[in-house]
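Okay, query-v6.txt is below, compact mmCIF, N, CA and C atoms:
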# COMPACT_ATOMS: atom_id res chain seq x y z
N MET A 916 115.24 82.99 74.26
CA MET A 916 113.82 83.14 74.49
C MET A 916 113.58 83.66 75.91
N GLU A 917 112.72 84.63 76.00
CA GLU A 917 112.44 85.25 77.28
C GLU A 917 111.47 84.39 78.08
N GLY A 918 111.72 84.28 79.39
CA GLY A 918 110.86 83.49 80.24
C GLY A 918 109.56 84.20 80.56
N LYS A 919 108.65 83.47 81.20
CA LYS A 919 107.35 84.03 81.57
C LYS A 919 107.54 85.10 82.65
N LYS A 920 106.89 86.23 82.46
CA LYS A 920 106.96 87.30 83.44
C LYS A 920 106.07 86.93 84.63
N THR A 921 106.57 87.19 85.84
CA THR A 921 105.81 86.85 87.04
C THR A 921 105.14 88.05 87.68
N ALA A 922 105.48 89.24 87.25
CA ALA A 922 104.88 90.45 87.80
C ALA A 922 104.84 91.51 86.71
N HIS A 923 103.92 92.43 86.89
CA HIS A 923 103.77 93.54 85.95
C HIS A 923 103.75 94.84 86.76
N ILE A 924 104.80 95.62 86.63
CA ILE A 924 104.96 96.87 87.37
C ILE A 924 104.96 98.02 86.37
N VAL A 925 104.28 99.10 86.73
CA VAL A 925 104.25 100.29 85.88
C VAL A 925 104.93 101.43 86.63
N ILE A 926 105.83 102.10 85.95
CA ILE A 926 106.49 103.29 86.48
C ILE A 926 105.83 104.51 85.84
N ILE A 927 105.40 105.44 86.67
CA ILE A 927 104.82 106.69 86.18
C ILE A 927 105.67 107.83 86.72
N ASN A 928 106.25 108.57 85.80
CA ASN A 928 107.10 109.71 86.15
C ASN A 928 106.40 111.01 85.77
N GLY A 929 106.50 111.99 86.65
CA GLY A 929 105.87 113.28 86.45
C GLY A 929 106.76 114.30 85.77
N PRO A 930 106.44 115.56 85.99
CA PRO A 930 107.06 116.64 85.25
C PRO A 930 108.58 116.72 85.40
N ASN A 931 109.20 116.98 84.27
CA ASN A 931 110.63 117.23 84.13
C ASN A 931 111.51 115.99 84.31
N LEU A 932 110.91 114.85 84.62
CA LEU A 932 111.73 113.64 84.75
C LEU A 932 112.19 113.13 83.39
N ASN A 933 111.63 113.64 82.32
CA ASN A 933 112.14 113.36 80.98
C ASN A 933 113.48 114.04 80.75
N LEU A 934 113.86 114.95 81.63
CA LEU A 934 115.13 115.68 81.50
C LEU A 934 116.26 115.06 82.33
N LEU A 935 116.01 113.91 82.94
CA LEU A 935 117.07 113.28 83.73
C LEU A 935 118.30 113.06 82.87
N GLY A 936 119.44 113.28 83.47
CA GLY A 936 120.70 113.19 82.76
C GLY A 936 121.20 114.55 82.30
N ARG A 937 120.26 115.50 82.19
CA ARG A 937 120.60 116.87 81.79
C ARG A 937 120.20 117.88 82.85
N ARG A 938 119.17 117.58 83.59
CA ARG A 938 118.63 118.50 84.59
C ARG A 938 119.37 118.34 85.92
N GLU A 939 119.97 119.41 86.39
CA GLU A 939 120.62 119.44 87.70
C GLU A 939 121.33 118.12 88.02
N PRO A 940 122.37 117.78 87.26
CA PRO A 940 123.05 116.50 87.48
C PRO A 940 123.63 116.34 88.88
N GLU A 941 123.91 117.45 89.56
CA GLU A 941 124.42 117.36 90.93
C GLU A 941 123.36 116.81 91.89
N ILE A 942 122.09 116.91 91.52
CA ILE A 942 120.99 116.38 92.34
C ILE A 942 120.50 115.05 91.77
N TYR A 943 120.30 114.99 90.46
CA TYR A 943 119.63 113.85 89.83
C TYR A 943 120.55 112.90 89.08
N GLY A 944 121.84 113.23 88.98
CA GLY A 944 122.78 112.36 88.28
C GLY A 944 122.84 112.66 86.79
N THR A 945 123.65 111.88 86.10
CA THR A 945 123.90 112.14 84.69
C THR A 945 123.29 111.09 83.76
N MET A 946 122.61 110.11 84.31
CA MET A 946 122.01 109.06 83.48
C MET A 946 120.58 109.45 83.10
N SER A 947 120.24 109.24 81.84
CA SER A 947 118.85 109.47 81.41
C SER A 947 117.98 108.35 81.97
N PHE A 948 116.68 108.62 82.08
CA PHE A 948 115.80 107.57 82.59
C PHE A 948 115.69 106.43 81.59
N ASP A 949 115.72 106.74 80.31
CA ASP A 949 115.67 105.67 79.30
C ASP A 949 116.83 104.70 79.46
N ASP A 950 118.03 105.22 79.71
CA ASP A 950 119.19 104.36 79.93
C ASP A 950 119.04 103.56 81.22
N TYR A 951 118.54 104.21 82.27
CA TYR A 951 118.33 103.50 83.52
C TYR A 951 117.27 102.41 83.37
N LEU A 952 116.22 102.69 82.62
CA LEU A 952 115.15 101.72 82.42
C LEU A 952 115.68 100.44 81.79
N LEU A 953 116.62 100.55 80.88
CA LEU A 953 117.24 99.36 80.28
C LEU A 953 117.93 98.53 81.37
N GLN A 954 118.65 99.18 82.26
CA GLN A 954 119.33 98.49 83.36
C GLN A 954 118.31 97.85 84.32
N LEU A 955 117.24 98.59 84.61
CA LEU A 955 116.22 98.09 85.53
C LEU A 955 115.55 96.84 84.97
N ARG A 956 115.22 96.88 83.70
CA ARG A 956 114.60 95.71 83.07
C ARG A 956 115.56 94.52 83.05
N ALA A 957 116.85 94.77 82.85
CA ALA A 957 117.84 93.70 82.89
C ALA A 957 117.98 93.14 84.31
N GLN A 958 117.84 94.00 85.31
CA GLN A 958 117.95 93.58 86.71
C GLN A 958 116.76 92.71 87.12
N PHE A 959 115.60 92.94 86.49
CA PHE A 959 114.38 92.21 86.83
C PHE A 959 113.78 91.58 85.58
N PRO A 960 114.46 90.59 84.99
CA PRO A 960 113.98 90.01 83.73
C PRO A 960 112.62 89.31 83.86
N GLU A 961 112.28 88.91 85.09
CA GLU A 961 111.01 88.23 85.32
C GLU A 961 109.83 89.19 85.47
N VAL A 962 110.10 90.49 85.46
CA VAL A 962 109.07 91.49 85.66
C VAL A 962 108.84 92.26 84.36
N GLN A 963 107.59 92.38 83.99
CA GLN A 963 107.25 93.26 82.88
C GLN A 963 107.18 94.67 83.46
N ILE A 964 108.04 95.55 82.98
CA ILE A 964 108.08 96.92 83.48
C ILE A 964 107.67 97.85 82.35
N ASP A 965 106.54 98.51 82.52
CA ASP A 965 106.10 99.54 81.59
C ASP A 965 106.39 100.89 82.21
N CYS A 966 106.59 101.89 81.38
CA CYS A 966 106.94 103.21 81.87
C CYS A 966 106.18 104.29 81.12
N PHE A 967 105.78 105.30 81.86
CA PHE A 967 105.05 106.43 81.29
C PHE A 967 105.55 107.70 81.96
N GLN A 968 105.69 108.77 81.19
CA GLN A 968 106.09 110.06 81.74
C GLN A 968 105.21 111.14 81.14
N SER A 969 104.80 112.10 81.98
CA SER A 969 104.04 113.24 81.50
C SER A 969 104.35 114.46 82.36
N ASN A 970 104.29 115.60 81.72
CA ASN A 970 104.43 116.87 82.43
C ASN A 970 103.07 117.43 82.83
N HIS A 971 101.98 116.68 82.58
CA HIS A 971 100.63 117.18 82.78
C HIS A 971 99.90 116.39 83.86
N GLU A 972 99.40 117.10 84.84
CA GLU A 972 98.75 116.49 85.99
C GLU A 972 97.60 115.57 85.60
N GLY A 973 96.69 116.05 84.77
CA GLY A 973 95.53 115.24 84.38
C GLY A 973 95.92 113.99 83.63
N THR A 974 96.96 114.07 82.83
CA THR A 974 97.43 112.90 82.08
C THR A 974 97.99 111.85 83.03
N ILE A 975 98.66 112.29 84.09
CA ILE A 975 99.17 111.36 85.10
C ILE A 975 98.00 110.67 85.80
N ILE A 976 96.97 111.43 86.12
CA ILE A 976 95.78 110.86 86.76
C ILE A 976 95.12 109.85 85.82
N ASP A 977 94.97 110.21 84.55
CA ASP A 977 94.38 109.28 83.58
C ASP A 977 95.19 107.99 83.51
N CYS A 978 96.51 108.11 83.53
CA CYS A 978 97.38 106.94 83.46
C CYS A 978 97.20 106.07 84.71
N LEU A 979 97.22 106.67 85.89
CA LEU A 979 97.00 105.91 87.12
C LEU A 979 95.68 105.15 87.06
N GLN A 980 94.63 105.82 86.65
CA GLN A 980 93.32 105.19 86.58
C GLN A 980 93.29 104.06 85.55
N SER A 981 93.98 104.25 84.43
CA SER A 981 93.94 103.24 83.37
C SER A 981 94.64 101.94 83.78
N TRP A 982 95.63 102.01 84.68
CA TRP A 982 96.34 100.82 85.12
C TRP A 982 95.67 100.13 86.30
N ASP A 983 94.68 100.76 86.92
CA ASP A 983 94.02 100.16 88.08
C ASP A 983 93.41 98.81 87.69
N GLY A 984 93.85 97.78 88.37
CA GLY A 984 93.35 96.43 88.08
C GLY A 984 94.04 95.75 86.91
N HIS A 985 95.00 96.41 86.29
CA HIS A 985 95.65 95.85 85.11
C HIS A 985 97.16 95.65 85.29
N CYS A 986 97.65 95.84 86.50
CA CYS A 986 99.07 95.59 86.80
C CYS A 986 99.16 95.21 88.27
N ASP A 987 100.35 94.78 88.68
CA ASP A 987 100.54 94.35 90.07
C ASP A 987 100.94 95.48 91.00
N GLY A 988 101.41 96.57 90.45
CA GLY A 988 101.82 97.69 91.27
C GLY A 988 102.32 98.84 90.42
N ILE A 989 102.33 100.02 91.02
CA ILE A 989 102.77 101.23 90.34
C ILE A 989 103.86 101.90 91.17
N VAL A 990 104.93 102.29 90.49
CA VAL A 990 105.98 103.11 91.07
C VAL A 990 105.70 104.52 90.57
N LEU A 991 105.48 105.45 91.48
CA LEU A 991 105.10 106.82 91.11
C LEU A 991 106.12 107.82 91.61
N ASN A 992 106.72 108.53 90.67
CA ASN A 992 107.52 109.70 91.00
C ASN A 992 106.77 110.87 90.38
N ALA A 993 105.97 111.53 91.19
CA ALA A 993 105.11 112.61 90.70
C ALA A 993 105.85 113.92 90.53
N GLY A 994 107.16 113.93 90.78
CA GLY A 994 107.93 115.16 90.62
C GLY A 994 107.33 116.26 91.49
N ALA A 995 107.28 117.45 90.97
CA ALA A 995 106.78 118.61 91.73
C ALA A 995 105.31 118.47 92.13
N TYR A 996 104.56 117.63 91.41
CA TYR A 996 103.15 117.42 91.80
C TYR A 996 103.03 116.76 93.16
N THR A 997 104.09 116.14 93.64
CA THR A 997 104.13 115.56 94.97
C THR A 997 103.70 116.58 96.02
N HIS A 998 104.12 117.82 95.81
CA HIS A 998 103.94 118.87 96.81
C HIS A 998 102.72 119.74 96.56
N THR A 999 102.02 119.49 95.46
CA THR A 999 100.92 120.39 95.09
C THR A 999 99.62 119.71 94.72
N SER A 1000 99.64 118.44 94.34
CA SER A 1000 98.47 117.84 93.72
C SER A 1000 97.63 116.98 94.66
N ILE A 1001 96.56 117.57 95.13
CA ILE A 1001 95.58 116.80 95.89
C ILE A 1001 94.83 115.87 94.93
N ALA A 1002 94.71 116.26 93.68
CA ALA A 1002 94.02 115.43 92.68
C ALA A 1002 94.77 114.11 92.45
N ILE A 1003 96.09 114.14 92.36
CA ILE A 1003 96.85 112.90 92.22
C ILE A 1003 96.74 112.08 93.49
N ARG A 1004 96.80 112.73 94.63
CA ARG A 1004 96.61 112.02 95.92
C ARG A 1004 95.27 111.31 95.95
N ASP A 1005 94.21 112.02 95.57
CA ASP A 1005 92.87 111.42 95.57
C ASP A 1005 92.80 110.22 94.64
N CYS A 1006 93.46 110.31 93.50
CA CYS A 1006 93.48 109.21 92.55
C CYS A 1006 94.20 108.00 93.14
N VAL A 1007 95.38 108.21 93.70
CA VAL A 1007 96.12 107.10 94.32
C VAL A 1007 95.29 106.46 95.41
N SER A 1008 94.60 107.27 96.18
CA SER A 1008 93.76 106.77 97.26
C SER A 1008 92.58 105.95 96.73
N ALA A 1009 92.09 106.29 95.54
CA ALA A 1009 90.90 105.65 94.98
C ALA A 1009 91.18 104.34 94.24
N ILE A 1010 92.41 104.17 93.73
CA ILE A 1010 92.67 102.96 92.96
C ILE A 1010 93.06 101.80 93.88
N SER A 1011 92.90 100.58 93.37
CA SER A 1011 93.15 99.40 94.21
C SER A 1011 94.57 98.85 94.08
N VAL A 1012 95.30 99.29 93.08
CA VAL A 1012 96.67 98.81 92.85
C VAL A 1012 97.61 99.48 93.85
N PRO A 1013 98.51 98.72 94.48
CA PRO A 1013 99.46 99.36 95.40
C PRO A 1013 100.40 100.30 94.66
N VAL A 1014 100.69 101.44 95.31
CA VAL A 1014 101.56 102.46 94.73
C VAL A 1014 102.71 102.73 95.69
N VAL A 1015 103.93 102.74 95.15
CA VAL A 1015 105.10 103.12 95.92
C VAL A 1015 105.59 104.46 95.38
N GLU A 1016 105.72 105.42 96.26
CA GLU A 1016 106.20 106.76 95.92
C GLU A 1016 107.72 106.75 95.91
N VAL A 1017 108.31 107.32 94.85
CA VAL A 1017 109.76 107.38 94.73
C VAL A 1017 110.20 108.81 94.46
N HIS A 1018 111.29 109.20 95.11
CA HIS A 1018 111.95 110.48 94.81
C HIS A 1018 113.44 110.20 94.71
N ILE A 1019 114.04 110.68 93.65
CA ILE A 1019 115.47 110.47 93.42
C ILE A 1019 116.28 111.15 94.51
N SER A 1020 115.90 112.39 94.85
CA SER A 1020 116.58 113.12 95.92
C SER A 1020 115.78 112.96 97.21
N ASP A 1021 116.39 113.35 98.32
CA ASP A 1021 115.68 113.33 99.60
C ASP A 1021 114.97 114.68 99.73
N ILE A 1022 113.65 114.67 99.55
CA ILE A 1022 112.89 115.93 99.54
C ILE A 1022 112.97 116.64 100.88
N ARG A 1023 113.27 115.93 101.96
CA ARG A 1023 113.38 116.56 103.28
C ARG A 1023 114.66 117.36 103.44
N LYS A 1024 115.61 117.17 102.50
CA LYS A 1024 116.88 117.89 102.56
C LYS A 1024 116.96 118.94 101.47
N ARG A 1025 115.83 119.26 100.87
CA ARG A 1025 115.80 120.24 99.79
C ARG A 1025 115.13 121.52 100.29
N GLU A 1026 114.64 122.31 99.37
CA GLU A 1026 113.99 123.57 99.74
C GLU A 1026 112.74 123.27 100.58
N PRO A 1027 112.41 124.16 101.52
CA PRO A 1027 111.26 123.90 102.42
C PRO A 1027 109.95 123.61 101.69
N PHE A 1028 109.73 124.20 100.52
CA PHE A 1028 108.47 123.93 99.82
C PHE A 1028 108.38 122.49 99.31
N ARG A 1029 109.48 121.76 99.33
CA ARG A 1029 109.48 120.35 98.88
C ARG A 1029 109.34 119.36 100.05
N TRP A 1030 109.30 119.83 101.26
CA TRP A 1030 109.33 118.94 102.40
C TRP A 1030 108.06 118.12 102.57
N TYR A 1031 106.93 118.64 102.12
CA TYR A 1031 105.67 117.92 102.33
C TYR A 1031 105.25 117.19 101.07
N SER A 1032 104.83 115.95 101.24
CA SER A 1032 104.29 115.15 100.15
C SER A 1032 102.82 114.85 100.43
N PHE A 1033 101.97 115.21 99.48
CA PHE A 1033 100.56 114.85 99.58
C PHE A 1033 100.35 113.35 99.35
N LEU A 1034 101.35 112.66 98.84
CA LEU A 1034 101.19 111.26 98.44
C LEU A 1034 101.57 110.25 99.51
N THR A 1035 102.47 110.61 100.39
CA THR A 1035 103.03 109.65 101.34
C THR A 1035 101.96 108.88 102.10
N GLU A 1036 100.94 109.55 102.59
CA GLU A 1036 99.92 108.90 103.41
C GLU A 1036 99.06 107.89 102.64
N VAL A 1037 99.00 108.01 101.31
CA VAL A 1037 98.14 107.12 100.54
C VAL A 1037 98.94 106.09 99.74
N CYS A 1038 100.25 106.12 99.85
CA CYS A 1038 101.10 105.14 99.16
C CYS A 1038 101.50 104.02 100.11
N GLN A 1039 101.78 102.86 99.54
CA GLN A 1039 102.21 101.71 100.33
C GLN A 1039 103.53 102.00 101.04
N SER A 1040 104.41 102.73 100.37
CA SER A 1040 105.71 103.04 100.92
C SER A 1040 106.27 104.25 100.18
N THR A 1041 107.27 104.89 100.78
CA THR A 1041 107.96 106.01 100.14
C THR A 1041 109.46 105.75 100.20
N ILE A 1042 110.10 105.93 99.05
CA ILE A 1042 111.55 105.76 98.95
C ILE A 1042 112.10 107.08 98.43
N MET A 1043 113.06 107.63 99.15
CA MET A 1043 113.64 108.90 98.70
C MET A 1043 115.12 108.96 99.01
N GLY A 1044 115.82 109.72 98.17
CA GLY A 1044 117.23 109.99 98.42
C GLY A 1044 118.17 108.87 98.03
N LYS A 1045 117.71 107.92 97.25
CA LYS A 1045 118.55 106.79 96.86
C LYS A 1045 118.93 106.85 95.38
N GLY A 1046 118.73 108.02 94.77
CA GLY A 1046 119.02 108.14 93.35
C GLY A 1046 118.10 107.26 92.53
N LEU A 1047 118.54 106.92 91.34
CA LEU A 1047 117.72 106.07 90.47
C LEU A 1047 117.53 104.68 91.07
N ALA A 1048 118.43 104.26 91.94
CA ALA A 1048 118.31 102.95 92.58
C ALA A 1048 117.01 102.83 93.40
N GLY A 1049 116.40 103.94 93.75
CA GLY A 1049 115.13 103.90 94.46
C GLY A 1049 114.04 103.22 93.66
N TYR A 1050 114.12 103.30 92.34
CA TYR A 1050 113.13 102.62 91.50
C TYR A 1050 113.26 101.11 91.65
N ALA A 1051 114.48 100.59 91.69
CA ALA A 1051 114.69 99.16 91.86
C ALA A 1051 114.16 98.71 93.22
N GLU A 1052 114.40 99.51 94.24
CA GLU A 1052 113.89 99.17 95.57
C GLU A 1052 112.36 99.11 95.56
N ALA A 1053 111.75 100.05 94.84
CA ALA A 1053 110.29 100.07 94.74
C ALA A 1053 109.76 98.83 94.02
N VAL A 1054 110.42 98.44 92.95
CA VAL A 1054 110.02 97.23 92.23
C VAL A 1054 110.09 96.03 93.16
N LYS A 1055 111.15 95.91 93.93
CA LYS A 1055 111.29 94.80 94.88
C LYS A 1055 110.14 94.80 95.89
N LEU A 1056 109.80 95.97 96.42
CA LEU A 1056 108.70 96.05 97.38
C LEU A 1056 107.38 95.59 96.78
N LEU A 1057 107.16 95.94 95.53
CA LEU A 1057 105.90 95.58 94.87
C LEU A 1057 105.83 94.11 94.47
N MET A 1058 106.97 93.47 94.41
CA MET A 1058 107.00 92.04 94.03
C MET A 1058 106.69 91.13 95.22
N VAL A 1059 106.73 91.66 96.43
CA VAL A 1059 106.51 90.85 97.64
C VAL A 1059 105.06 90.47 97.77
Taking this structure as input, can you express it in the form of structure tokens?
Amino acid sequence: MEGKKTAHIVIINGPNLNLLGRREPEIYGTMSFDDYLLQLRAQFPEVQIDCFQSNHEGTIIDCLQSWDGHCDGIVLNAGAYTHTSIAIRDCVSAISVPVVEVHISDIRKREPFRWYSFLTEVCQSTIMGKGLAGYAEAVKLLMV
């Protein structure tokens, strides 16, 4: 029997993160996010972890808004929208739930167009370059 969950964290992944395990494994690794999510949930059995992925900017915004006030925190990997979406930034800024920005790779060590994040200033924290383990670090931060 599963014990009572003490926290509710939502992971929102942006474009192309559904391709993890197949997309550029030299950068993102060979594990799919679904497989990693099983490990993450096992690592944090006391936390209810929901996950959502979309390749569409507006759908990500709708998801962020829908969880406002209904979870303890959001882990957001906006993918390429990190560098382009003022709309997602505005949404993160407007909601009351704390958001931790995660990037599997270190965006500062990638192509110059990836160096700037519109999200960093409005997120509680930013974790980058730690591979999929960055999601676990984000969950820990949100549980404090």
All residues 12 Å or closer to Ala1053 in chain A, only C-alpha atoms, same chain fewer than 2 positions away omitted, as an MDAnalysis selection string: chainID A and resid 924:926 955 959 964 988:992 1013:1019 1038:1043 1045:1051 1055:1059
Could those residues be written to a file, using N, CA and C atoms, as an mmCIF file, in the coordinates of the input?
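File written: selection-v7.cif
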data_model
loop_
_atom_site.group_PDB
_atom_site.id
_atom_site.type_symbol
_atom_site.label_atom_id
_atom_site.label_comp_id
_atom_site.auth_asym_id
_atom_site.auth_seq_id
_atom_site.Cartn_x
_atom_site.Cartn_y
_atom_site.Cartn_z
ATOM 1 N N ILE A 924 104.800 95.620 86.630
ATOM 2 C CA ILE A 924 104.960 96.870 87.370
ATOM 3 C C ILE A 924 104.960 98.020 86.370
ATOM 4 N N VAL A 925 104.280 99.100 86.730
ATOM 5 C CA VAL A 925 104.250 100.290 85.880
ATOM 6 C C VAL A 925 104.930 101.430 86.630
ATOM 7 N N ILE A 926 105.830 102.100 85.950
ATOM 8 C CA ILE A 926 106.490 103.290 86.480
ATOM 9 C C ILE A 926 105.830 104.510 85.840
ATOM 10 N N LEU A 955 117.240 98.590 84.610
ATOM 11 C CA LEU A 955 116.220 98.090 85.530
ATOM 12 C C LEU A 955 115.550 96.840 84.970
ATOM 13 N N PHE A 959 115.600 92.940 86.490
ATOM 14 C CA PHE A 959 114.380 92.210 86.830
ATOM 15 C C PHE A 959 113.780 91.580 85.580
ATOM 16 N N ILE A 964 108.040 95.550 82.980
ATOM 17 C CA ILE A 964 108.080 96.920 83.480
ATOM 18 C C ILE A 964 107.670 97.850 82.350
ATOM 19 N N GLY A 988 101.410 96.570 90.450
ATOM 20 C CA GLY A 988 101.820 97.690 91.270
ATOM 21 C C GLY A 988 102.320 98.840 90.420
ATOM 22 N N ILE A 989 102.330 100.020 91.020
ATOM 23 C CA ILE A 989 102.770 101.230 90.340
ATOM 24 C C ILE A 989 103.860 101.900 91.170
ATOM 25 N N VAL A 990 104.930 102.290 90.490
ATOM 26 C CA VAL A 990 105.980 103.110 91.070
ATOM 27 C C VAL A 990 105.700 104.520 90.570
ATOM 28 N N LEU A 991 105.480 105.450 91.480
ATOM 29 C CA LEU A 991 105.100 106.820 91.110
ATOM 30 C C LEU A 991 106.120 107.820 91.610
ATOM 31 N N ASN A 992 106.720 108.530 90.670
ATOM 32 C CA ASN A 992 107.520 109.700 91.000
ATOM 33 C C ASN A 992 106.770 110.870 90.380
ATOM 34 N N PRO A 1013 98.510 98.720 94.480
ATOM 35 C CA PRO A 1013 99.460 99.360 95.400
ATOM 36 C C PRO A 1013 100.400 100.300 94.660
ATOM 37 N N VAL A 1014 100.690 101.440 95.310
ATOM 38 C CA VAL A 1014 101.560 102.460 94.730
ATOM 39 C C VAL A 1014 102.710 102.730 95.690
ATOM 40 N N VAL A 1015 103.930 102.740 95.150
ATOM 41 C CA VAL A 1015 105.100 103.120 95.920
ATOM 42 C C VAL A 1015 105.590 104.460 95.380
ATOM 43 N N GLU A 1016 105.720 105.420 96.260
ATOM 44 C CA GLU A 1016 106.200 106.760 95.920
ATOM 45 C C GLU A 1016 107.720 106.750 95.910
ATOM 46 N N VAL A 1017 108.310 107.320 94.850
ATOM 47 C CA VAL A 1017 109.760 107.380 94.730
ATOM 48 C C VAL A 1017 110.200 108.810 94.460
ATOM 49 N N HIS A 1018 111.290 109.200 95.110
ATOM 50 C CA HIS A 1018 111.950 110.480 94.810
ATOM 51 C C HIS A 1018 113.440 110.200 94.710
ATOM 52 N N ILE A 1019 114.040 110.680 93.650
ATOM 53 C CA ILE A 1019 115.470 110.470 93.420
ATOM 54 C C ILE A 1019 116.280 111.150 94.510
ATOM 55 N N CYS A 1038 100.250 106.120 99.850
ATOM 56 C CA CYS A 1038 101.100 105.140 99.160
ATOM 57 C C CYS A 1038 101.500 104.020 100.110
ATOM 58 N N GLN A 1039 101.780 102.860 99.540
ATOM 59 C CA GLN A 1039 102.210 101.710 100.330
ATOM 60 C C GLN A 1039 103.530 102.000 101.040
ATOM 61 N N SER A 1040 104.410 102.730 100.370
ATOM 62 C CA SER A 1040 105.710 103.040 100.920
ATOM 63 C C SER A 1040 106.270 104.250 100.180
ATOM 64 N N THR A 1041 107.270 104.890 100.780
ATOM 65 C CA THR A 1041 107.960 106.010 100.140
ATOM 66 C C THR A 1041 109.460 105.750 100.200
ATOM 67 N N ILE A 1042 110.100 105.930 99.050
ATOM 68 C CA ILE A 1042 111.550 105.760 98.950
ATOM 69 C C ILE A 1042 112.100 107.080 98.430
ATOM 70 N N MET A 1043 113.060 107.630 99.150
ATOM 71 C CA MET A 1043 113.640 108.900 98.700
ATOM 72 C C MET A 1043 115.120 108.960 99.010
ATOM 73 N N LYS A 1045 117.710 107.920 97.250
ATOM 74 C CA LYS A 1045 118.550 106.790 96.860
ATOM 75 C C LYS A 1045 118.930 106.850 95.380
ATOM 76 N N GLY A 1046 118.730 108.020 94.770
ATOM 77 C CA GLY A 1046 119.020 108.140 93.350
ATOM 78 C C GLY A 1046 118.100 107.260 92.530
ATOM 79 N N LEU A 1047 118.540 106.920 91.340
ATOM 80 C CA LEU A 1047 117.720 106.070 90.470
ATOM 81 C C LEU A 1047 117.530 104.680 91.070
ATOM 82 N N ALA A 1048 118.430 104.260 91.940
ATOM 83 C CA ALA A 1048 118.310 102.950 92.580
ATOM 84 C C ALA A 1048 117.010 102.830 93.400
ATOM 85 N N GLY A 1049 116.400 103.940 93.750
ATOM 86 C CA GLY A 1049 115.130 103.900 94.460
ATOM 87 C C GLY A 1049 114.040 103.220 93.660
ATOM 88 N N TYR A 1050 114.120 103.300 92.340
ATOM 89 C CA TYR A 1050 113.130 102.620 91.500
ATOM 90 C C TYR A 1050 113.260 101.110 91.650
ATOM 91 N N ALA A 1051 114.480 100.590 91.690
ATOM 92 C CA ALA A 1051 114.690 99.160 91.860
ATOM 93 C C ALA A 1051 114.160 98.710 93.220
ATOM 94 N N LYS A 1055 111.150 95.910 93.930
ATOM 95 C CA LYS A 1055 111.290 94.800 94.880
ATOM 96 C C LYS A 1055 110.140 94.800 95.890
ATOM 97 N N LEU A 1056 109.800 95.970 96.420
ATOM 98 C CA LEU A 1056 108.700 96.050 97.380
ATOM 99 C C LEU A 1056 107.380 95.590 96.780
ATOM 100 N N LEU A 1057 107.160 95.940 95.530
ATOM 101 C CA LEU A 1057 105.900 95.580 94.870
ATOM 102 C C LEU A 1057 105.830 94.110 94.470
ATOM 103 N N MET A 1058 106.970 93.470 94.410
ATOM 104 C CA MET A 1058 107.000 92.040 94.030
ATOM 105 C C MET A 1058 106.690 91.130 95.220
ATOM 106 N N VAL A 1059 106.730 91.660 96.430
ATOM 107 C CA VAL A 1059 106.510 90.850 97.640
ATOM 108 C C VAL A 1059 105.060 90.470 97.770
#
Please extract the residues of range 919-1030 of chain A with a backbone DSSP assignment of helix (DSSP H, G or I) and present them as a PyMOL selection string. chain A and resi 932-934+940-943+948-958+972-982+994-998+1001-1009+1022-1024+1027-1029
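Those residues of chain A that DSSP, working from the backbone, places in strand (DSSP E or B) are Ala922, His923, Ile924, Val925, Ile926, Ile927, Asn928, Val962, Gln963, Ile964, Asp965, Cys966, Phe967, Gln968, Gly988, Ile989, Val990, Leu991, Asn992, Val1014, Val1015, Glu1016, Val1017, His1018, Ser1040, Thr1041, Ile1042 and Met1043 of chain A.
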Just need the box for range 936-954 of chain A, edges along x, y and z, holding every atom the file lists for it with 5 Å tacked onto each side, so centre and edge lengths in Å to one decimal, as JSON.
{"center_x": 119.8, "center_y": 108.6, "center_z": 85.8, "size_x": 19.3, "size_y": 31.6, "size_z": 23.0}
Could you pull the residues within 6 Å of range 1021-1032 of chain A, counting only C-alpha atoms, minus those fewer than 3 positions along the same chain, as JSON, numbers by chain? {"A": [997, 998, 1035, 1043, 1044]}
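Closest approach to Gln963 in chain A among A:Ala922, A:Leu1034, A:Cys1006, A:Leu932: A:Ala922, based on all atoms listed in the file.
In this structure, atom N of Leu979 in chain A sits 17.9 Å away from CA of Glu1036 in chain A.
CA of His985 in chain A lies 22.9 Å from CA of Asn970 in chain A.
For the atom pair formed by CA of Gly929 in chain A and CA of Gln968 in chain A, the distance is 5.7 Å, given to one decimal.
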Which neighbours of Ser1011 in chain A fall inside 10 Å, counting only C-alpha atoms, when residues of the same chain fewer than 4 positions from it are skipped, and could you give them as a PyMOL selection string? chain A and resi 980+982-984+987-988+1006-1007
Provide range 1001-1005 of chain A rebuilt to N, CA, C and O atoms, formatted as a PDB file, in the frame of the given file.
ATOM      1  N   ILE A1001      96.560 117.570  95.130  1.00  0.00           N
ATOM      2  CA  ILE A1001      95.580 116.800  95.890  1.00  0.00           C
ATOM      3  C   ILE A1001      94.830 115.870  94.930  1.00  0.00           C
ATOM      4  O   ILE A1001      94.419 114.778  95.312  1.00  0.00           O
ATOM      5  N   ALA A1002      94.710 116.260  93.680  1.00  0.00           N
ATOM      6  CA  ALA A1002      94.020 115.430  92.680  1.00  0.00           C
ATOM      7  C   ALA A1002      94.770 114.110  92.450  1.00  0.00           C
ATOM      8  O   ALA A1002      94.142 113.046  92.366  1.00  0.00           O
ATOM      9  N   ILE A1003      96.090 114.140  92.360  1.00  0.00           N
ATOM     10  CA  ILE A1003      96.850 112.900  92.220  1.00  0.00           C
ATOM     11  C   ILE A1003      96.740 112.080  93.490  1.00  0.00           C
ATOM     12  O   ILE A1003      96.560 110.854  93.458  1.00  0.00           O
ATOM     13  N   ARG A1004      96.800 112.730  94.630  1.00  0.00           N
ATOM     14  CA  ARG A1004      96.610 112.020  95.920  1.00  0.00           C
ATOM     15  C   ARG A1004      95.270 111.310  95.950  1.00  0.00           C
ATOM     16  O   ARG A1004      95.180 110.130  96.305  1.00  0.00           O
ATOM     17  N   ASP A1005      94.210 112.020  95.570  1.00  0.00           N
ATOM     18  CA  ASP A1005      92.870 111.420  95.570  1.00  0.00           C
ATOM     19  C   ASP A1005      92.800 110.220  94.640  1.00  0.00           C
ATOM     20  O   ASP A1005      92.164 109.215  94.952  1.00  0.00           O
TER      21      ASP A1005
END
